[in-house]
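Participant: This is the structure, below, for whatever I ask next.
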Amino acid sequence: MAREITGFSNPLVKRVRSLREKKYRKAEGLFLAEGLRILTEAREEGVLPEMLFHAGATHPLALELIDAIEAAGGDVIVTTPDILSKISGKDNAQALVGVYRDRLTPLAALDRDGADIWIVAQSLRDPGNLGTILRTGDAVGAGGLILIDDCVDPFSVESVRASMGALFTQSITQARWEEFIPWLRCGAGQLIGTSLKATQDYQEPAYQSPSFLLVGNEAQGLPADYEAQCDLLVKMPMRGKADSLNAAVATAVMAYELLNQKRRDIMIRSS
């Protein structure tokens, strides 16, 4: 049974609003997601929020979501648009805000043979880039996103929003470089880095499976010692005055090259 909260000073409103800050997300192991599309995609992946706030939802998909949450023993709260804005931090808040348990997958639990493509991001800083990279991973059927060193929080409101639901279709792992490399070398996997210093065009190599696509920090790229540990370093042609692509765009270009190679291999084997 849904309950109603209309007071800004309600302790639950204050608690949920605090999840906009990383330290509280980390302490609680919870994060916020907003909007019918994202919450519906999460449900399609079998993930329901522990709490749902809405301001009189009437859309059929929203009502189905509410029924599913209540059937699973979750908490549904009817509130006001002003309180939804307070929780989300947006003046024009979405009609639904869900509170989810974080979705980190330990490095040791990853099944590298479960996908041909994996994306690895090192010291990524922009939540928009992180969300877009998750969407790219979903689009190419990647196994997940491995965040190396000190990356932006994948569960920030901005990252979740930018992922457009891909946060719920992709596994997310956090690790230090010194943890990742030994794990990678204990099994199959080709580590591919992009670098302005590379001499090989990104379309030249025959990539192996599984491929681990390594993207560096937006401003500085990959550290030299990380590049040295890559199995391949490649670069994309730059015909204009710009010397590099946005990190998320470069990741998408590379991810689709990996996907297209694997598609061609399948077509050749089936012909």
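Ligands are numbered from 1 in the order shown, chains are lettered A, B, ... in the order of the structure tokens, and residues start at 1 in each chain.
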Against region 186-206 of chain A, which residues of region 65-115 of chain A fall within 12 Å? For each one I want the closest pair of atoms and the distance in Å (one decimal), counting only C-alpha atoms, rows by chain and increasing residue number, as JSON lines.
Facilitator:
```
{"residue": "A:Ala108", "atom": "CA", "partner": "A:Cys186", "partner_atom": "CA", "distance": 10.9}
{"residue": "A:Leu110", "atom": "CA", "partner": "A:Gly187", "partner_atom": "CA", "distance": 11.6}
{"residue": "A:Asp111", "atom": "CA", "partner": "A:Gly187", "partner_atom": "CA", "distance": 10.4}
{"residue": "A:Arg112", "atom": "CA", "partner": "A:Gly189", "partner_atom": "CA", "distance": 7.8}
{"residue": "A:Asp113", "atom": "CA", "partner": "A:Ala188", "partner_atom": "CA", "distance": 8.1}
{"residue": "A:Gly114", "atom": "CA", "partner": "A:Ala188", "partner_atom": "CA", "distance": 11.7}
{"residue": "A:Ala115", "atom": "CA", "partner": "A:Gly189", "partner_atom": "CA", "distance": 10.8}
```
Participant: Write out the residues from the selection above, keeping N, CA, C and O atoms, as a short mmCIF file (atom, residue, chain, number, x, y, z; two decimals), in the first residue's frame.
Facilitator:
```cif
data_model
loop_
_atom_site.label_atom_id
_atom_site.label_comp_id
_atom_site.auth_asym_id
_atom_site.auth_seq_id
_atom_site.Cartn_x
_atom_site.Cartn_y
_atom_site.Cartn_z
N ALA A 108 36.59 -10.11 -9.73
CA ALA A 108 36.74 -11.57 -9.75
C ALA A 108 35.48 -12.28 -10.22
O ALA A 108 35.53 -13.44 -10.64
N LEU A 110 33.58 -11.26 -12.77
CA LEU A 110 33.32 -11.05 -14.20
C LEU A 110 33.59 -12.32 -14.99
O LEU A 110 34.60 -13.00 -14.78
N ASP A 111 32.71 -12.62 -15.93
CA ASP A 111 32.90 -13.73 -16.86
C ASP A 111 33.41 -13.15 -18.18
O ASP A 111 32.63 -12.74 -19.03
N ARG A 112 34.72 -13.14 -18.33
CA ARG A 112 35.30 -12.50 -19.53
C ARG A 112 34.86 -13.17 -20.82
O ARG A 112 34.86 -12.55 -21.89
N ASP A 113 34.50 -14.45 -20.74
CA ASP A 113 34.07 -15.16 -21.94
C ASP A 113 32.59 -14.94 -22.25
O ASP A 113 32.08 -15.47 -23.24
N GLY A 114 31.92 -14.13 -21.42
CA GLY A 114 30.51 -13.87 -21.64
C GLY A 114 30.24 -12.83 -22.71
O GLY A 114 29.09 -12.61 -23.09
N ALA A 115 31.30 -12.14 -23.18
CA ALA A 115 31.12 -11.12 -24.23
C ALA A 115 32.42 -10.99 -25.01
O ALA A 115 33.51 -11.26 -24.48
#
```
Participant: Pick from A:Val234, A:Ala71, A:Ile66, A:Leu147: nearest to Ala175 (chain A), with only C-alpha atoms counted?
Facilitator: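 Smallest separation from Ala175 (chain A) among the options: A:Leu147.
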Participant: I need the residues of region 140-230 of chain A that end up classed as strand (DSSP E or B) by DSSP on the backbone, written out as JSON, numbers by chain.
Facilitator: {"A": [144, 145, 146, 147, 148, 171, 172, 173, 174, 175, 190, 191, 192, 193, 194, 200, 201, 211, 212, 213, 214, 215, 217, 221]}
Participant: For Leu19 (chain A), which residue among A:Thr251, A:Thr169, A:Gln122, A:Ser156 is the nearest when counting only C-alpha atoms?
Facilitator: A:Ser156
Participant: Would you please extract all alpha helix (DSSP H) residues from region 148-179 of chain A, as assigned by DSSP on the backbone, and give them as a list in words?
Facilitator: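 Output for region 148-179 of chain A, alpha helix (DSSP H) only: Val157, Glu158, Ser159, Val160, Arg161, Ala162, Ser163, Trp177, Glu178 and Glu179 of chain A.
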Participant: Of the candidates A:Ala55, A:Leu130, A:Ala42, A:Leu167, which shows the shortest atom-to-atom distance to Val76 (chain A), using only C-alpha atoms?
Facilitator: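 That would be A:Ala55, the residue with the smallest distance to Val76 (chain A).
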Participant: Could you check the closest approach to Glu227 (chain A) for each of A:Asp116, A:Lys90, A:Val215, A:Ala247 and tell me which residue wins, using only C-alpha atoms?
Facilitator: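 Of A:Asp116, A:Lys90, A:Val215, A:Ala247, the one nearest Glu227 (chain A) is A:Val215, counting only C-alpha atoms.
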Participant: Near region 20-29 of chain A, counting only C-alpha atoms, which residues have an atom at most 7 Å away, once you skip same-chain residues fewer than 4 positions from it, shown as a list in words?
Facilitator: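 Listed by chain and then number, they are Arg101, Asp102, Ser156 and Val157 of chain A.
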Participant: Export N, CA and C atoms of the chosen residues as a compact mmCIF listing (two decimals), in the first residue's frame?
Facilitator:
```txt
# COMPACT_ATOMS: atom_id res chain seq x y z
N ARG A 101 19.55 -0.16 -5.06
CA ARG A 101 20.78 -0.68 -4.49
C ARG A 101 21.88 -0.60 -5.54
N ASP A 102 23.11 -0.23 -5.12
CA ASP A 102 24.17 -0.07 -6.13
C ASP A 102 24.45 -1.40 -6.83
N SER A 156 26.18 8.61 -9.73
CA SER A 156 25.73 9.99 -9.54
C SER A 156 24.48 10.22 -10.37
N VAL A 157 23.68 11.18 -9.95
CA VAL A 157 22.44 11.48 -10.68
C VAL A 157 22.75 11.79 -12.14
```
Participant: Between A:Met236, A:Ala162, A:Ile268, A:Leu52, single out the one closest to Ala68 (chain A), counting only C-alpha atoms.
Facilitator: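 Counting only C-alpha atoms, the residue closest to Ala68 (chain A) is A:Leu52.
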Participant: Which residues are close to Ser244 (chain A), i.e. within 10 Å by only C-alpha atoms, leaving aside same-chain residues fewer than 4 positions away? Reply as a ChimeraX atom specification.
Facilitator: /A:195-196,218,221,235-238,240,249-250
Participant: Quick one, how far is CA of Glu34 (chain A) from CA of Ala142 (chain A)?
Facilitator: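 Separation between CA of Glu34 (chain A) and CA of Ala142 (chain A): 24.2 Å.
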Participant: When you count only C-alpha atoms, which of these residues is closest to Gly128 (chain A): A:Ala166, A:Ala248, A:Ile38, A:Leu184?
Facilitator: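 Closest candidate: A:Ala248.
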Participant: CA of Glu41 (chain A) to CA of Gly165 (chain A): how many Å, to one decimal?
Facilitator: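 Spanning CA of Glu41 (chain A) to CA of Gly165 (chain A) is a straight-line distance of 5.8 Å.
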Participant: I want to know what sits within 9 Å of Cys151 (chain A), based on only C-alpha atoms, with residues of the same chain fewer than 2 positions away left out; could you give that as a list in words?
Facilitator: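 So, after excluding close chain neighbours, the residues are Ala121, Gln122, Ser123, Leu124, Arg125, Asp126, Leu130, Leu147, Ile148, Asp149, Asp153, Pro154, Gln174 and Asn217 of chain A.
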Participant: Keeping N, CA, C and O atoms for every residue in the selection just given, could you write it to a file as a compact mmCIF listing (two decimals), in the first residue's frame?
Facilitator:
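See out_36.txt below for the written result:
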```txt
# COMPACT_ATOMS: atom_id res chain seq x y z
N ALA A 121 37.72 2.04 -18.65
CA ALA A 121 37.93 3.49 -18.62
C ALA A 121 38.82 3.86 -17.45
O ALA A 121 38.57 3.44 -16.31
N GLN A 122 39.86 4.64 -17.72
CA GLN A 122 40.82 5.02 -16.69
C GLN A 122 40.69 6.50 -16.34
O GLN A 122 40.79 7.36 -17.20
N SER A 123 40.42 6.77 -15.07
CA SER A 123 40.34 8.15 -14.55
C SER A 123 39.38 9.02 -15.35
O SER A 123 39.66 10.20 -15.58
N LEU A 124 38.26 8.45 -15.76
CA LEU A 124 37.25 9.23 -16.46
C LEU A 124 36.61 10.22 -15.49
O LEU A 124 36.28 9.87 -14.36
N ARG A 125 36.42 11.47 -15.93
CA ARG A 125 35.97 12.52 -15.01
C ARG A 125 34.56 13.04 -15.27
O ARG A 125 33.91 13.55 -14.38
N ASP A 126 34.09 12.91 -16.49
CA ASP A 126 32.83 13.54 -16.86
C ASP A 126 31.68 12.54 -16.78
O ASP A 126 31.72 11.50 -17.44
N LEU A 130 30.72 9.14 -19.08
CA LEU A 130 30.53 7.82 -18.50
C LEU A 130 29.18 7.25 -18.92
O LEU A 130 29.08 6.09 -19.34
N LEU A 147 35.85 0.36 -14.50
CA LEU A 147 36.36 1.69 -14.17
C LEU A 147 37.67 1.54 -13.39
O LEU A 147 37.71 0.90 -12.33
N ILE A 148 38.71 2.15 -13.93
CA ILE A 148 40.05 2.00 -13.37
C ILE A 148 40.46 3.27 -12.64
O ILE A 148 40.29 4.38 -13.15
N ASP A 149 41.02 3.10 -11.45
CA ASP A 149 41.54 4.21 -10.64
C ASP A 149 40.39 5.14 -10.22
O ASP A 149 39.30 4.67 -9.93
N ASP A 153 31.81 8.98 -10.27
CA ASP A 153 30.90 8.01 -9.69
C ASP A 153 29.85 7.59 -10.72
O ASP A 153 29.09 8.42 -11.20
N PRO A 154 29.78 6.29 -11.06
CA PRO A 154 28.78 5.86 -12.05
C PRO A 154 27.35 5.96 -11.54
O PRO A 154 26.41 5.90 -12.32
N GLN A 174 34.66 -1.61 -10.47
CA GLN A 174 35.68 -0.63 -10.09
C GLN A 174 36.91 -1.36 -9.60
O GLN A 174 36.80 -2.30 -8.81
N ASN A 217 41.82 9.20 -19.56
CA ASN A 217 41.25 10.44 -19.04
C ASN A 217 41.02 11.45 -20.17
O ASN A 217 41.80 11.54 -21.11
```
Participant: Can you list, as JSON, numbers by chain, every protein, DNA or RNA residue that comes within 12 Å of Pro81 (chain A) when you count only C-alpha atoms, leaving out same-chain residues fewer than 5 positions away?
Facilitator: {"A": [5, 6, 7, 8, 53, 54, 55, 56, 57, 86, 87, 88, 89, 90, 91, 92, 93, 94, 95, 96, 97]}
Participant: Report, in Å to a single decimal, how far apart CA of Tyr226 (chain A) and CA of Pro182 (chain A) are.
Facilitator: 13.1 Å
Participant: Determine, counting only C-alpha atoms, which protein, DNA and RNA residues have an atom within 9 Å of an atom of Arg3 (chain A); residues of the same chain fewer than 6 positions away are not included. Present the result as a count of residues only.
Facilitator: 5
